[in-house]
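Trainee: Sharing query08.pdb, PDB, C-alpha atoms:
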MODEL        1
ATOM      1  CA  TYR A   1     -10.773 -13.790 -38.320  1.00  0.00           C
ATOM      2  CA  ASN A   2      -8.701 -11.073 -39.950  1.00  0.00           C
ATOM      3  CA  GLN A   3      -6.290  -8.817 -38.145  1.00  0.00           C
ATOM      4  CA  GLN A   4      -6.341  -5.668 -40.262  1.00  0.00           C
ATOM      5  CA  MET A   5      -4.028  -3.435 -38.324  1.00  0.00           C
ATOM      6  CA  LEU A   6      -0.437  -2.318 -37.978  1.00  0.00           C
ATOM      7  CA  LEU A   7       1.275  -3.361 -34.809  1.00  0.00           C
ATOM      8  CA  PRO A   8       3.338  -0.817 -32.874  1.00  0.00           C
ATOM      9  CA  SER A   9       7.034  -0.091 -32.926  1.00  0.00           C
ATOM     10  CA  ARG A  10       9.263  -1.358 -30.123  1.00  0.00           C
ATOM     11  CA  GLN A  11       8.819   1.952 -28.300  1.00  0.00           C
ATOM     12  CA  LYS A  12       5.027   1.465 -27.961  1.00  0.00           C
ATOM     13  CA  MET A  13       5.173  -1.561 -25.700  1.00  0.00           C
ATOM     14  CA  ASN A  14       1.807  -0.933 -24.031  1.00  0.00           C
ATOM     15  CA  TYR A  15      -0.173  -1.060 -27.254  1.00  0.00           C
ATOM     16  CA  ILE A  16      -3.212  -3.375 -27.079  1.00  0.00           C
ATOM     17  CA  PRO A  17      -4.188  -4.908 -30.452  1.00  0.00           C
ATOM     18  CA  ARG A  18      -7.619  -3.803 -31.586  1.00  0.00           C
ATOM     19  CA  THR A  19      -8.831  -7.384 -31.913  1.00  0.00           C
ATOM     20  CA  VAL A  20      -7.898  -8.074 -28.289  1.00  0.00           C
ATOM     21  CA  LYS A  21      -9.406  -4.816 -27.038  1.00  0.00           C
ATOM     22  CA  SER A  22     -12.674  -5.520 -28.872  1.00  0.00           C
ATOM     23  CA  PHE A  23     -12.800  -9.164 -27.800  1.00  0.00           C
ATOM     24  CA  ILE A  24     -12.526  -8.536 -24.066  1.00  0.00           C
ATOM     25  CA  ALA A  25     -15.494  -6.151 -24.255  1.00  0.00           C
ATOM     26  CA  ILE A  26     -17.857  -8.793 -25.712  1.00  0.00           C
ATOM     27  CA  PRO A  27     -19.773 -11.087 -23.309  1.00  0.00           C
ATOM     28  CA  VAL A  28     -18.894 -14.753 -23.751  1.00  0.00           C
ATOM     29  CA  GLU A  29     -22.590 -15.531 -24.307  1.00  0.00           C
ATOM     30  CA  GLU A  30     -22.369 -13.756 -27.658  1.00  0.00           C
ATOM     31  CA  PHE A  31     -20.100 -16.555 -28.881  1.00  0.00           C
ATOM     32  CA  PHE A  32     -22.354 -19.507 -27.949  1.00  0.00           C
ATOM     33  CA  MET A  33     -22.901 -21.914 -30.834  1.00  0.00           C
ATOM     34  CA  PRO A  34     -26.512 -22.746 -31.868  1.00  0.00           C
ATOM     35  CA  ASP A  35     -27.655 -25.334 -29.372  1.00  0.00           C
ATOM     36  CA  GLU A  36     -29.194 -28.553 -30.732  1.00  0.00           C
ATOM     37  CA  ARG A  37     -30.247 -29.451 -27.208  1.00  0.00           C
ATOM     38  CA  LEU A  38     -33.005 -26.850 -27.294  1.00  0.00           C
ATOM     39  CA  ALA A  39     -34.746 -28.840 -30.016  1.00  0.00           C
ATOM     40  CA  ALA A  40     -33.875 -32.128 -28.372  1.00  0.00           C
ATOM     41  CA  SER A  41     -35.400 -31.040 -25.073  1.00  0.00           C
ATOM     42  CA  SER A  42     -38.422 -29.195 -26.405  1.00  0.00           C
ATOM     43  CA  ALA A  43     -40.557 -32.360 -26.386  1.00  0.00           C
ATOM     44  CA  GLU A  44     -39.271 -33.522 -23.023  1.00  0.00           C
ATOM     45  CA  VAL A  45     -39.570 -32.131 -19.553  1.00  0.00           C
ATOM     46  CA  ILE A  46     -36.011 -33.273 -18.804  1.00  0.00           C
ATOM     47  CA  PRO A  47     -33.422 -33.210 -21.626  1.00  0.00           C
ATOM     48  CA  HIS A  48     -32.038 -36.565 -22.698  1.00  0.00           C
ATOM     49  CA  PRO A  49     -28.592 -37.278 -21.136  1.00  0.00           C
ATOM     50  CA  ALA A  50     -27.060 -37.407 -24.623  1.00  0.00           C
ATOM     51  CA  ALA A  51     -28.004 -33.752 -25.043  1.00  0.00           C
ATOM     52  CA  TYR A  52     -25.450 -32.656 -22.456  1.00  0.00           C
ATOM     53  CA  ILE A  53     -21.856 -31.787 -23.281  1.00  0.00           C
ATOM     54  CA  MET A  54     -19.344 -33.410 -20.968  1.00  0.00           C
ATOM     55  CA  PRO A  55     -15.969 -31.609 -20.929  1.00  0.00           C
ATOM     56  CA  SER A  56     -12.976 -33.769 -21.826  1.00  0.00           C
ATOM     57  CA  ASN A  57      -9.328 -33.387 -20.815  1.00  0.00           C
ATOM     58  CA  TYR A  58      -8.693 -31.669 -24.165  1.00  0.00           C
ATOM     59  CA  ASP A  59     -11.375 -29.000 -23.812  1.00  0.00           C
ATOM     60  CA  VAL A  60     -10.600 -25.441 -22.720  1.00  0.00           C
ATOM     61  CA  LEU A  61     -13.123 -24.325 -20.108  1.00  0.00           C
ATOM     62  CA  CYS A  62     -13.725 -20.579 -20.020  1.00  0.00           C
ATOM     63  CA  GLY A  63     -14.385 -19.207 -16.570  1.00  0.00           C
ATOM     64  CA  THR A  64     -12.711 -18.112 -13.347  1.00  0.00           C
ATOM     65  CA  GLY A  65     -11.728 -20.018 -10.238  1.00  0.00           C
ATOM     66  CA  GLN A  66      -9.450 -22.843  -9.180  1.00  0.00           C
ATOM     67  CA  SER A  67     -11.501 -25.563 -10.864  1.00  0.00           C
ATOM     68  CA  PHE A  68     -11.068 -23.856 -14.241  1.00  0.00           C
ATOM     69  CA  PHE A  69      -7.403 -23.070 -13.633  1.00  0.00           C
ATOM     70  CA  HIS A  70      -6.526 -26.670 -12.743  1.00  0.00           C
ATOM     71  CA  HIS A  71      -8.643 -28.351 -15.441  1.00  0.00           C
ATOM     72  CA  ILE A  72      -6.307 -30.535 -17.514  1.00  0.00           C
ATOM     73  CA  GLY A  73      -7.431 -29.006 -20.809  1.00  0.00           C
ATOM     74  CA  ASN A  74      -6.739 -25.512 -19.488  1.00  0.00           C
ATOM     75  CA  ARG A  75      -3.309 -26.574 -18.266  1.00  0.00           C
ATOM     76  CA  ARG A  76      -2.530 -28.026 -21.698  1.00  0.00           C
ATOM     77  CA  PHE A  77      -3.700 -24.765 -23.269  1.00  0.00           C
ATOM     78  CA  ARG A  78      -1.410 -22.688 -21.035  1.00  0.00           C
ATOM     79  CA  ILE A  79       1.552 -24.881 -21.958  1.00  0.00           C
ATOM     80  CA  MET A  80       0.823 -24.336 -25.675  1.00  0.00           C
ATOM     81  CA  ILE A  81       0.657 -20.594 -25.077  1.00  0.00           C
ATOM     82  CA  GLU A  82       3.899 -20.528 -23.063  1.00  0.00           C
ATOM     83  CA  MET A  83       5.683 -22.462 -25.825  1.00  0.00           C
ATOM     84  CA  ASN A  84       4.706 -19.780 -28.368  1.00  0.00           C
ATOM     85  CA  ILE A  85       5.021 -16.527 -26.403  1.00  0.00           C
ATOM     86  CA  ASP A  86       8.451 -15.726 -27.837  1.00  0.00           C
ATOM     87  CA  ARG A  87       7.225 -16.270 -31.407  1.00  0.00           C
ATOM     88  CA  TYR A  88       4.238 -14.021 -30.746  1.00  0.00           C
ATOM     89  CA  GLN A  89       6.402 -11.321 -29.187  1.00  0.00           C
ATOM     90  CA  VAL A  90       8.767 -11.283 -32.174  1.00  0.00           C
ATOM     91  CA  GLU A  91       5.878 -10.683 -34.579  1.00  0.00           C
ATOM     92  CA  TYR A  92       4.149  -8.228 -32.245  1.00  0.00           C
ATOM     93  CA  GLU A  93       7.262  -6.078 -31.956  1.00  0.00           C
ATOM     94  CA  LYS A  94       7.984  -6.090 -35.697  1.00  0.00           C
ATOM     95  CA  GLY A  95       5.010  -3.853 -36.360  1.00  0.00           C
ATOM     96  CA  ASP A  96       3.964  -5.828 -39.461  1.00  0.00           C
ATOM     97  CA  GLY A  97       1.932  -8.670 -37.976  1.00  0.00           C
ATOM     98  CA  GLY A  98      -1.336  -7.318 -39.362  1.00  0.00           C
ATOM     99  CA  GLU A  99      -0.083  -6.984 -42.929  1.00  0.00           C
ATOM    100  CA  LYS A 100       1.806 -10.247 -43.218  1.00  0.00           C
ATOM    101  CA  GLY A 101      -0.621 -12.232 -41.110  1.00  0.00           C
ATOM    102  CA  LYS A 102       2.073 -14.069 -39.144  1.00  0.00           C
ATOM    103  CA  ILE A 103       0.239 -13.591 -35.864  1.00  0.00           C
ATOM    104  CA  HIS A 104      -2.904 -14.935 -37.506  1.00  0.00           C
ATOM    105  CA  SER A 105      -0.918 -17.964 -38.723  1.00  0.00           C
ATOM    106  CA  LEU A 106       0.472 -18.597 -35.248  1.00  0.00           C
ATOM    107  CA  VAL A 107      -2.991 -18.352 -33.677  1.00  0.00           C
ATOM    108  CA  SER A 108      -4.415 -20.739 -36.275  1.00  0.00           C
ATOM    109  CA  GLU A 109      -1.557 -23.164 -35.689  1.00  0.00           C
ATOM    110  CA  ILE A 110      -2.318 -23.323 -31.947  1.00  0.00           C
ATOM    111  CA  ASN A 111      -6.026 -23.722 -32.667  1.00  0.00           C
ATOM    112  CA  GLN A 112      -5.335 -26.623 -35.041  1.00  0.00           C
ATOM    113  CA  SER A 113      -3.211 -28.304 -32.368  1.00  0.00           C
ATOM    114  CA  ILE A 114      -6.231 -28.220 -30.055  1.00  0.00           C
ATOM    115  CA  LEU A 115      -8.587 -29.505 -32.751  1.00  0.00           C
ATOM    116  CA  ARG A 116      -6.257 -32.387 -33.649  1.00  0.00           C
ATOM    117  CA  CYS A 117      -6.548 -33.901 -30.170  1.00  0.00           C
ATOM    118  CA  ASP A 118      -8.482 -37.148 -29.731  1.00  0.00           C
ATOM    119  CA  PRO A 119     -11.216 -36.305 -28.969  1.00  0.00           C
ATOM    120  CA  PRO A 120     -10.922 -32.865 -30.593  1.00  0.00           C
ATOM    121  CA  GLY A 121     -10.526 -30.058 -28.103  1.00  0.00           C
ATOM    122  CA  ARG A 122     -13.279 -27.462 -27.785  1.00  0.00           C
ATOM    123  CA  PHE A 123     -13.703 -24.103 -26.103  1.00  0.00           C
ATOM    124  CA  LEU A 124     -16.625 -24.434 -23.688  1.00  0.00           C
ATOM    125  CA  ALA A 125     -18.427 -22.081 -21.330  1.00  0.00           C
ATOM    126  CA  MET A 126     -21.236 -22.641 -18.849  1.00  0.00           C
ATOM    127  CA  ASP A 127     -24.663 -21.322 -19.837  1.00  0.00           C
ATOM    128  CA  MET A 128     -25.672 -20.003 -16.424  1.00  0.00           C
ATOM    129  CA  THR A 129     -29.334 -19.685 -17.424  1.00  0.00           C
ATOM    130  CA  ARG A 130     -29.615 -23.414 -18.196  1.00  0.00           C
ATOM    131  CA  GLY A 131     -26.819 -24.921 -16.152  1.00  0.00           C
ATOM    132  CA  TRP A 132     -25.082 -26.788 -18.951  1.00  0.00           C
ATOM    133  CA  TRP A 133     -21.943 -26.426 -21.028  1.00  0.00           C
ATOM    134  CA  LYS A 134     -22.077 -24.799 -24.444  1.00  0.00           C
ATOM    135  CA  ARG A 135     -19.618 -24.817 -27.291  1.00  0.00           C
ATOM    136  CA  LEU A 136     -18.080 -21.508 -28.263  1.00  0.00           C
ATOM    137  CA  SER A 137     -17.662 -20.470 -31.869  1.00  0.00           C
ATOM    138  CA  PRO A 138     -14.454 -20.918 -33.916  1.00  0.00           C
ATOM    139  CA  MET A 139     -14.146 -17.120 -33.901  1.00  0.00           C
ATOM    140  CA  PHE A 140     -14.064 -17.170 -30.099  1.00  0.00           C
ATOM    141  CA  ALA A 141     -11.305 -19.796 -30.131  1.00  0.00           C
ATOM    142  CA  LEU A 142      -9.058 -17.689 -32.372  1.00  0.00           C
ATOM    143  CA  LEU A 143      -9.686 -14.473 -30.446  1.00  0.00           C
ATOM    144  CA  LYS A 144      -9.178 -16.197 -27.086  1.00  0.00           C
ATOM    145  CA  ILE A 145      -5.852 -17.648 -28.222  1.00  0.00           C
ATOM    146  CA  GLU A 146      -4.597 -14.239 -29.360  1.00  0.00           C
ATOM    147  CA  GLN A 147      -5.816 -12.559 -26.166  1.00  0.00           C
ATOM    148  CA  THR A 148      -4.043 -15.167 -24.044  1.00  0.00           C
ATOM    149  CA  LEU A 149      -0.826 -14.839 -26.062  1.00  0.00           C
ATOM    150  CA  PHE A 150      -0.913 -11.062 -25.637  1.00  0.00           C
ATOM    151  CA  GLU A 151      -1.639 -11.149 -21.892  1.00  0.00           C
ATOM    152  CA  CYS A 152       1.033 -13.796 -21.228  1.00  0.00           C
ATOM    153  CA  MET A 153       3.515 -11.744 -23.252  1.00  0.00           C
ATOM    154  CA  GLN A 154       2.735  -8.728 -21.061  1.00  0.00           C
ATOM    155  CA  ILE A 155       3.265 -10.804 -17.910  1.00  0.00           C
ATOM    156  CA  LYS A 156       6.579 -12.098 -19.297  1.00  0.00           C
ATOM    157  CA  ARG A 157       7.653  -8.543 -20.145  1.00  0.00           C
ATOM    158  CA  ARG A 158       6.821  -7.232 -16.683  1.00  0.00           C
ATOM    159  CA  ALA A 159       8.784 -10.070 -15.109  1.00  0.00           C
ATOM    160  CA  GLU A 160      11.771  -9.289 -17.331  1.00  0.00           C
ATOM    161  CA  GLN A 161      11.515  -5.574 -16.537  1.00  0.00           C
ATOM    162  CA  ASN A 162      11.333  -6.289 -12.801  1.00  0.00           C
ATOM    163  CA  LEU A 163      14.362  -8.574 -13.082  1.00  0.00           C
ATOM    164  CA  LEU A 164      16.267  -5.929 -15.035  1.00  0.00           C
ATOM    165  CA  ALA A 165      15.311  -3.257 -12.491  1.00  0.00           C
ATOM    166  CA  ALA A 166      16.483  -5.518  -9.654  1.00  0.00           C
ATOM    167  CA  LYS A 167      19.816  -6.124 -11.409  1.00  0.00           C
ATOM    168  CA  GLN A 168      20.261  -2.398 -12.068  1.00  0.00           C
ATOM    169  CA  LYS A 169      19.490  -1.660  -8.420  1.00  0.00           C
ATOM    170  CA  GLU A 170      22.019  -4.275  -7.322  1.00  0.00           C
ATOM    171  CA  GLN A 171      24.651  -2.814  -9.665  1.00  0.00           C
ATOM    172  CA  LEU A 172      23.922   0.683  -8.343  1.00  0.00           C
ATOM    173  CA  VAL A 173      24.308  -0.480  -4.741  1.00  0.00           C
ATOM    174  CA  MET A 174      27.584  -2.187  -5.613  1.00  0.00           C
ATOM    175  CA  ALA A 175      28.822   0.969  -7.381  1.00  0.00           C
ATOM    176  CA  ILE A 176      27.915   3.130  -4.370  1.00  0.00           C
ATOM    177  CA  GLU A 177      29.674   0.721  -2.018  1.00  0.00           C
ATOM    178  CA  ALA A 178      32.763   0.695  -4.243  1.00  0.00           C
ATOM    179  CA  ALA A 179      32.746   4.503  -4.429  1.00  0.00           C
ATOM    180  CA  THR A 180      32.376   4.702  -0.644  1.00  0.00           C
ATOM    181  CA  ARG A 181      35.308   2.340  -0.112  1.00  0.00           C
ATOM    182  CA  TYR A 182      37.414   4.341  -2.544  1.00  0.00           C
ATOM    183  CA  THR A 183      36.496   7.602  -0.800  1.00  0.00           C
ATOM    184  CA  VAL A 184      37.329   6.178   2.616  1.00  0.00           C
ATOM    185  CA  GLN A 185      40.642   4.819   1.355  1.00  0.00           C
ATOM    186  CA  ARG A 186      41.502   8.105  -0.335  1.00  0.00           C
ATOM    187  CA  HIS A 187      40.696  10.082   2.804  1.00  0.00           C
ATOM    188  CA  ALA A 188      42.767   7.661   4.864  1.00  0.00           C
ATOM    189  CA  GLN A 189      45.708   8.099   2.518  1.00  0.00           C
ATOM    190  CA  GLU A 190      45.304  11.871   2.621  1.00  0.00           C
ATOM    191  CA  ASP A 191      45.221  11.746   6.439  1.00  0.00           C
ATOM    192  CA  LEU A 192      48.434   9.673   6.492  1.00  0.00           C
ATOM    193  CA  LEU A 193      50.147  12.064   4.117  1.00  0.00           C
ATOM    194  CA  GLU A 194      49.018  15.036   6.206  1.00  0.00           C
ATOM    195  CA  ALA A 195      50.243  13.370   9.402  1.00  0.00           C
ATOM    196  CA  ALA A 196      53.607  12.600   7.795  1.00  0.00           C
ATOM    197  CA  LYS A 197      53.879  16.185   6.604  1.00  0.00           C
ATOM    198  CA  GLN A 198      53.089  17.520  10.063  1.00  0.00           C
ATOM    199  CA  LYS A 199      55.611  15.142  11.610  1.00  0.00           C
ATOM    200  CA  GLU A 200      58.256  16.288   9.175  1.00  0.00           C
ATOM    201  CA  GLU A 201      57.508  19.957   9.907  1.00  0.00           C
ATOM    202  CA  LEU A 202      57.609  19.264  13.641  1.00  0.00           C
ATOM    203  CA  GLU A 203      60.957  17.495  13.374  1.00  0.00           C
ATOM    204  CA  ARG A 204      62.340  20.357  11.323  1.00  0.00           C
ATOM    205  CA  ALA A 205      61.104  22.888  13.880  1.00  0.00           C
ATOM    206  CA  ILE A 206      62.706  20.898  16.715  1.00  0.00           C
ATOM    207  CA  ASP A 207      65.952  20.693  14.746  1.00  0.00           C
ATOM    208  CA  ILE A 208      65.960  24.461  14.175  1.00  0.00           C
ATOM    209  CA  ALA A 209      65.175  25.133  17.839  1.00  0.00           C
ATOM    210  CA  GLY A 210      68.082  22.893  18.865  1.00  0.00           C
ATOM    211  CA  LYS A 211      70.500  24.731  16.628  1.00  0.00           C
ATOM    212  CA  VAL A 212      69.401  28.127  18.003  1.00  0.00           C
ATOM    213  CA  GLN A 213      69.880  27.005  21.579  1.00  0.00           C
ATOM    214  CA  GLY A 214      73.313  25.650  20.738  1.00  0.00           C
TER     215      GLY A 214
ENDMDL
END
How would this structure read if it were set down as structure tokens?

Mentor:
Amino acid sequence: YNQQMLLPSRQKMNYIPRTVKSFIAIPVEEFFMPDERLAASSAEVIPHPAAYIMPSNYDVLCGTGQSFFHHIGNRRFRIMIEMNIDRYQVEYEKGDGGEKGKIHSLVSEINQSILRCDPPGRFLAMDMTRGWWKRLSPMFALLKIEQTLFECMQIKRRAEQNLLAAKQKEQLVMAIEAATRYTVQRHAQEDLLEAAKQKEELERAIDIAGKVQG
């Protein structure tokens, strides 16, 4: 796993790392580990129960649907990702993550945290042709961690942008309301001044008319 690339400047916020872009285009089946169960079951009509992999609460199950989303190992994985999004974003936005390998170090650190569980956590996917779980390669684990960090960072960014846009909209509305109140008050003051002026002119005209008649 080697991330040979330069990450973008802060202005290129929609840049997708090449490793992530390449990874999402590869079918998960390409990352299946060599399966010892094929040899174990070749002499038997039905594979021995020990040949099956049973997911644990520390395994990350790759797939879609509520059962995958709520699996304890997947929930633990999401928590690990959420705890490291800010660190990933800092390195991503520096533009030097590929050269200095800090993103690679972060990804490896998360992977080691999964492997240090008891029992060790694994990345598993269902082999739909056989109906059993298969281990995914160490390369898959590293690429999946980086992909998840990147996608969660994008979600976090969009949420922050939406919040900022909402605040700016609120400030704009408040500014318009304040400007409207000021305009109304100014017009009211101008109307009062104009009325006072007209009253004064009327009183002066009446005074002059009285003097002429006298």

Trainee: If I take CA of Gln89 (chain A) and CA of Leu106 (chain A), how far is one from the other in Å, to one decimal?

Mentor: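 CA of Leu106 (chain A) lies 11.2 Å from CA of Gln89 (chain A).
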
Trainee: My list of candidates is A:Pro119, A:Cys62, A:Leu149, A:Arg135. Which is closest to Pro17 (chain A) when distances are computed with all atoms listed in the file?

Mentor: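 Residue with the minimum atom-to-atom distance to Pro17 (chain A): A:Leu149.
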
Trainee: Spell out the residues picked by the PyMOL selection byres ((chain A and resi 53) around 6) here, as a list in words.

Mentor: Tyr52, Met54 and Trp133 of chain A

Trainee: For CA of Gly210 (chain A) and CA of Ala196 (chain A), quote the distance in Å rounded to one decimal.

Mentor: 20.9 Å

Trainee: Evaluate the PyMOL selection byres ((chain A and resi 57) around 8) and record the selected residues as an MDAnalysis selection string, following the chain and residue labels used in the document.

Mentor: chainID A and resid 55:56 58:59 71:73

Trainee: Taking the file as shown, find all residues satisfying the PyMOL selection byres ((chain A and resi 121-124) around 10) and write them as a VMD selection string.

Mentor: chain A and resid 28 32 to 33 53 to 63 73 to 74 77 111 to 120 125 to 127 132 to 138 140 to 141 144

Trainee: How far is it from CA of Tyr88 (chain A) to CA of Ser108 (chain A), in Å with one decimal?

Mentor: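 It comes out at 12.3 Å.
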
Trainee: Taking only C-alpha atoms into account, name the residue in A:Asp207, A:Glu29, A:Glu146, A:Glu190 that is nearest to Tyr92 (chain A).

Mentor: A:Glu146

Trainee: Between A:Ile85, A:Val90, A:Ile16, A:Met139, which has the minimum distance to Glu30 (chain A) (counting all atoms listed in the file)?

Mentor: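 For Glu30 (chain A), the nearest of the given residues is A:Met139.
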
Trainee: Of the residues A:Glu160, A:Ile79, A:Met153, A:Glu203, which is the one nearest to Tyr15 (chain A), using all atoms listed in the file?

Mentor: A:Met153
